[in-house]
Amino acid sequence: LAISFFEGRKAYWDYQVRKMCEKDGGVFVVQQIHLNADDYRRLGGEQGEIPIPERGSAPTKAEYVSDTVRRVIREGNPSVWRTEATIHAVANDKIIARYINYSRRGGDFPTFAHPSSFSCDQGMGSVSRKIFLIEGNTK
């Protein structure tokens with residue numbers, strides 16, 4: 001009975017996370033950036049992705065940075081939160097994309113195992129792939 005309670009609560013919050021993701025989650029590109037192969041390498045590109053560092057920890061030469069805000073929706077067990085990252089071009093501080101994700105962590109029957117998690121996260125790599133169009137890249 002106790003296990004059913006915990007699993008039911010996780011299922012409820014996973015459903016809520018899915019609904020919030022459908023409502024406003026995902027990657028929203030304001031401006032796509034076209035790059036040639038040299039620019040791709042110069043920006044640290046690997047496997048079709050460009051790293052986008054957080055503004056506070058970005059190297060001074062960074063051309064694109066992210067400002068991330070995490071808002072707690074539910075504290076406790078399980079915890080649920082919303083993450084919003086705004087991607088900026090450093091040269092003019094223009095917003096080029098926005099990424100919104102919802103996540104759940106925990107809510108499991110008490111054990112020594114790591115807590116489970118659920119997210120609609122597409123990962124920052126997919127954000128990068130949607131923003132930057134690399135010449136000759138067919139992916």
# chains A, B, ... in the order shown; residues from 1 in each chain; ligands from 1
>>> select_by_dssp(residues="segment 10-72 of chain A", states="helix (DSSP H, G or I)", output="ChimeraX atom specification")
/A:10-24,37-42,55-57
>>> residues_around(residues="Lys23 of chain A", least_positions_apart="2", cutoff="12 Å", atoms="only C-alpha atoms", output="ChimeraX atom specification")
/A:16-21,25-26,100-102,120
>>> write_last_selection(atoms="all heavy atoms", output="PDB file, in the first residue's frame")
ATOM      1  N   GLN A  16       1.793  16.313 -14.163  1.00  0.00           N
ATOM      2  CA  GLN A  16       1.801  17.772 -14.056  1.00  0.00           C
ATOM      3  C   GLN A  16       2.976  18.377 -14.825  1.00  0.00           C
ATOM      4  O   GLN A  16       2.829  19.393 -15.505  1.00  0.00           O
ATOM      5  CB  GLN A  16       1.850  18.203 -12.578  1.00  0.00           C
ATOM      6  CG  GLN A  16       0.632  17.833 -11.779  1.00  0.00           C
ATOM      7  CD  GLN A  16      -0.638  18.443 -12.338  1.00  0.00           C
ATOM      8  OE1 GLN A  16      -0.655  19.588 -12.793  1.00  0.00           O
ATOM      9  NE2 GLN A  16      -1.706  17.676 -12.326  1.00  0.00           N
ATOM     10  N   VAL A  17       4.146  17.744 -14.717  1.00  0.00           N
ATOM     11  CA  VAL A  17       5.326  18.219 -15.452  1.00  0.00           C
ATOM     12  C   VAL A  17       5.053  18.147 -16.952  1.00  0.00           C
ATOM     13  O   VAL A  17       5.335  19.095 -17.695  1.00  0.00           O
ATOM     14  CB  VAL A  17       6.588  17.405 -15.060  1.00  0.00           C
ATOM     15  CG1 VAL A  17       7.720  17.631 -16.054  1.00  0.00           C
ATOM     16  CG2 VAL A  17       7.036  17.764 -13.653  1.00  0.00           C
ATOM     17  N   ARG A  18       4.476  17.039 -17.421  1.00  0.00           N
ATOM     18  CA  ARG A  18       4.133  16.906 -18.846  1.00  0.00           C
ATOM     19  C   ARG A  18       3.191  18.015 -19.299  1.00  0.00           C
ATOM     20  O   ARG A  18       3.377  18.605 -20.365  1.00  0.00           O
ATOM     21  CB  ARG A  18       3.474  15.544 -19.100  1.00  0.00           C
ATOM     22  CG  ARG A  18       4.343  14.602 -19.840  1.00  0.00           C
ATOM     23  CD  ARG A  18       3.602  13.319 -20.231  1.00  0.00           C
ATOM     24  NE  ARG A  18       4.401  12.191 -19.829  1.00  0.00           N
ATOM     25  CZ  ARG A  18       4.227  11.474 -18.724  1.00  0.00           C
ATOM     26  NH1 ARG A  18       3.236  11.708 -17.912  1.00  0.00           N
ATOM     27  NH2 ARG A  18       5.039  10.491 -18.442  1.00  0.00           N
ATOM     28  N   LYS A  19       2.172  18.302 -18.494  1.00  0.00           N
ATOM     29  CA  LYS A  19       1.215  19.363 -18.842  1.00  0.00           C
ATOM     30  C   LYS A  19       1.891  20.726 -18.920  1.00  0.00           C
ATOM     31  O   LYS A  19       1.644  21.499 -19.849  1.00  0.00           O
ATOM     32  CB  LYS A  19       0.073  19.412 -17.822  1.00  0.00           C
ATOM     33  CG  LYS A  19      -0.995  18.394 -18.066  1.00  0.00           C
ATOM     34  CD  LYS A  19      -2.167  18.435 -17.099  1.00  0.00           C
ATOM     35  CE  LYS A  19      -2.457  19.726 -16.430  1.00  0.00           C
ATOM     36  NZ  LYS A  19      -3.590  19.669 -15.488  1.00  0.00           N
ATOM     37  N   MET A  20       2.762  21.030 -17.957  1.00  0.00           N
ATOM     38  CA  MET A  20       3.462  22.316 -17.967  1.00  0.00           C
ATOM     39  C   MET A  20       4.391  22.409 -19.171  1.00  0.00           C
ATOM     40  O   MET A  20       4.491  23.466 -19.807  1.00  0.00           O
ATOM     41  CB  MET A  20       4.226  22.513 -16.656  1.00  0.00           C
ATOM     42  CG  MET A  20       3.312  22.736 -15.462  1.00  0.00           C
ATOM     43  SD  MET A  20       4.168  23.059 -13.904  1.00  0.00           S
ATOM     44  CE  MET A  20       4.700  21.418 -13.434  1.00  0.00           C
ATOM     45  N   CYS A  21       5.046  21.299 -19.511  1.00  0.00           N
ATOM     46  CA  CYS A  21       5.931  21.276 -20.680  1.00  0.00           C
ATOM     47  C   CYS A  21       5.142  21.550 -21.962  1.00  0.00           C
ATOM     48  O   CYS A  21       5.587  22.308 -22.823  1.00  0.00           O
ATOM     49  CB  CYS A  21       6.625  19.928 -20.801  1.00  0.00           C
ATOM     50  SG  CYS A  21       7.901  19.651 -19.581  1.00  0.00           S
ATOM     51  N   GLY A  25       6.830  24.736 -22.471  1.00  0.00           N
ATOM     52  CA  GLY A  25       8.192  24.220 -22.502  1.00  0.00           C
ATOM     53  C   GLY A  25       8.750  24.141 -23.908  1.00  0.00           C
ATOM     54  O   GLY A  25       8.016  24.169 -24.889  1.00  0.00           O
ATOM     55  N   GLY A  26      10.057  24.071 -24.004  1.00  0.00           N
ATOM     56  CA  GLY A  26      10.716  23.879 -25.291  1.00  0.00           C
ATOM     57  C   GLY A  26      11.739  24.950 -25.601  1.00  0.00           C
ATOM     58  O   GLY A  26      12.113  25.750 -24.757  1.00  0.00           O
ATOM     59  N   ILE A 100      12.809  26.583 -22.085  1.00  0.00           N
ATOM     60  CA  ILE A 100      12.044  26.357 -20.861  1.00  0.00           C
ATOM     61  C   ILE A 100      11.881  24.861 -20.648  1.00  0.00           C
ATOM     62  O   ILE A 100      11.528  24.125 -21.574  1.00  0.00           O
ATOM     63  CB  ILE A 100      10.672  27.049 -20.930  1.00  0.00           C
ATOM     64  CG1 ILE A 100      10.855  28.556 -21.056  1.00  0.00           C
ATOM     65  CG2 ILE A 100       9.835  26.700 -19.693  1.00  0.00           C
ATOM     66  CD1 ILE A 100       9.589  29.324 -21.288  1.00  0.00           C
ATOM     67  N   ASN A 101      12.126  24.432 -19.409  1.00  0.00           N
ATOM     68  CA  ASN A 101      12.052  23.026 -19.050  1.00  0.00           C
ATOM     69  C   ASN A 101      11.442  22.881 -17.657  1.00  0.00           C
ATOM     70  O   ASN A 101      11.609  23.744 -16.802  1.00  0.00           O
ATOM     71  CB  ASN A 101      13.462  22.435 -19.062  1.00  0.00           C
ATOM     72  CG  ASN A 101      13.471  20.997 -18.634  1.00  0.00           C
ATOM     73  OD1 ASN A 101      12.723  20.186 -19.157  1.00  0.00           O
ATOM     74  ND2 ASN A 101      14.296  20.673 -17.662  1.00  0.00           N
ATOM     75  N   TYR A 102      10.740  21.787 -17.445  1.00  0.00           N
ATOM     76  CA  TYR A 102      10.181  21.452 -16.136  1.00  0.00           C
ATOM     77  C   TYR A 102      10.743  20.100 -15.704  1.00  0.00           C
ATOM     78  O   TYR A 102      10.939  19.221 -16.551  1.00  0.00           O
ATOM     79  CB  TYR A 102       8.658  21.366 -16.194  1.00  0.00           C
ATOM     80  CG  TYR A 102       8.007  22.706 -16.434  1.00  0.00           C
ATOM     81  CD1 TYR A 102       7.806  23.185 -17.721  1.00  0.00           C
ATOM     82  CD2 TYR A 102       7.613  23.501 -15.365  1.00  0.00           C
ATOM     83  CE1 TYR A 102       7.223  24.413 -17.941  1.00  0.00           C
ATOM     84  CE2 TYR A 102       7.024  24.735 -15.580  1.00  0.00           C
ATOM     85  CZ  TYR A 102       6.829  25.187 -16.863  1.00  0.00           C
ATOM     86  OH  TYR A 102       6.254  26.403 -17.087  1.00  0.00           O
ATOM     87  N   CYS A 120      10.994  17.075 -19.141  1.00  0.00           N
ATOM     88  CA  CYS A 120      10.745  17.185 -20.579  1.00  0.00           C
ATOM     89  C   CYS A 120      11.967  17.773 -21.259  1.00  0.00           C
ATOM     90  O   CYS A 120      11.925  18.198 -22.397  1.00  0.00           O
ATOM     91  CB  CYS A 120       9.516  18.049 -20.857  1.00  0.00           C
ATOM     92  SG  CYS A 120       9.607  19.739 -20.227  1.00  0.00           S
TER      93      CYS A 120
END
>>> closest_atom_pairs(of="segment 52-127 of chain A", to="segment 30-45 of chain A", cutoff="9 Å", atoms="only C-alpha atoms", output="Markdown table")
| residue | atom | partner | partner_atom | distance |
| --- | --- | --- | --- | --- |
| A:Ala62 | CA | A:Leu43 | CA | 7.9 |
| A:Glu63 | CA | A:Leu43 | CA | 7.9 |
| A:Ile95 | CA | A:Val30 | CA | 7.1 |
| A:Ile96 | CA | A:Val30 | CA | 4.9 |
| A:Ala97 | CA | A:Val30 | CA | 5.2 |
| A:Arg98 | CA | A:Val30 | CA | 7.9 |
>>> residues_around(residues="Thr86 of chain A", least_positions_apart="4", cutoff="12 Å", atoms="only C-alpha atoms", output="list in words")
Gly26, Val27, Phe28, Val29, Val30, Ile52, Pro53, Glu54, Arg55, Tyr64, Val65, Ser66, Asp67, Thr68, Val69, Arg70, Asp93, Lys94, Ile95, Ile96, Ala97, Arg98, Tyr99, Ile100, Asn101, Met124 and Val127 of chain A
>>> write_last_selection(atoms="C-alpha atoms", output="mmCIF file, in the first residue's frame")
data_model
loop_
_atom_site.group_PDB
_atom_site.id
_atom_site.type_symbol
_atom_site.label_atom_id
_atom_site.label_comp_id
_atom_site.auth_asym_id
_atom_site.auth_seq_id
_atom_site.Cartn_x
_atom_site.Cartn_y
_atom_site.Cartn_z
ATOM 1 C CA GLY A 26 10.716 23.879 -25.291
ATOM 2 C CA VAL A 27 13.178 25.888 -27.337
ATOM 3 C CA PHE A 28 12.088 29.186 -28.878
ATOM 4 C CA VAL A 29 14.575 30.618 -31.371
ATOM 5 C CA VAL A 30 14.344 34.362 -32.026
ATOM 6 C CA ILE A 52 26.747 28.085 -24.459
ATOM 7 C CA PRO A 53 28.226 28.966 -21.042
ATOM 8 C CA GLU A 54 26.416 30.684 -18.186
ATOM 9 C CA ARG A 55 27.085 34.432 -18.193
ATOM 10 C CA TYR A 64 27.066 33.717 -26.699
ATOM 11 C CA VAL A 65 25.982 33.269 -23.076
ATOM 12 C CA SER A 66 23.021 31.972 -21.126
ATOM 13 C CA ASP A 67 21.154 33.514 -18.196
ATOM 14 C CA THR A 68 19.335 30.763 -16.305
ATOM 15 C CA VAL A 69 16.588 31.141 -13.711
ATOM 16 C CA ARG A 70 15.265 28.195 -11.722
ATOM 17 C CA ASP A 93 23.159 41.581 -25.584
ATOM 18 C CA LYS A 94 20.380 40.630 -27.993
ATOM 19 C CA ILE A 95 18.231 37.642 -27.034
ATOM 20 C CA ILE A 96 18.609 34.936 -29.671
ATOM 21 C CA ALA A 97 16.705 32.084 -27.983
ATOM 22 C CA ARG A 98 14.820 30.965 -24.905
ATOM 23 C CA TYR A 99 14.652 27.491 -23.413
ATOM 24 C CA ILE A 100 12.044 26.357 -20.861
ATOM 25 C CA ASN A 101 12.052 23.026 -19.050
ATOM 26 C CA MET A 124 21.084 22.445 -24.075
ATOM 27 C CA VAL A 127 19.094 24.357 -28.069
#
>>> select_by_dssp(residues="chain A", states="strand (DSSP E or B)", output="ChimeraX atom specification")
/A:26-29,33-35,46,49,54,64-74,79-89,94-105,117-119,132-134
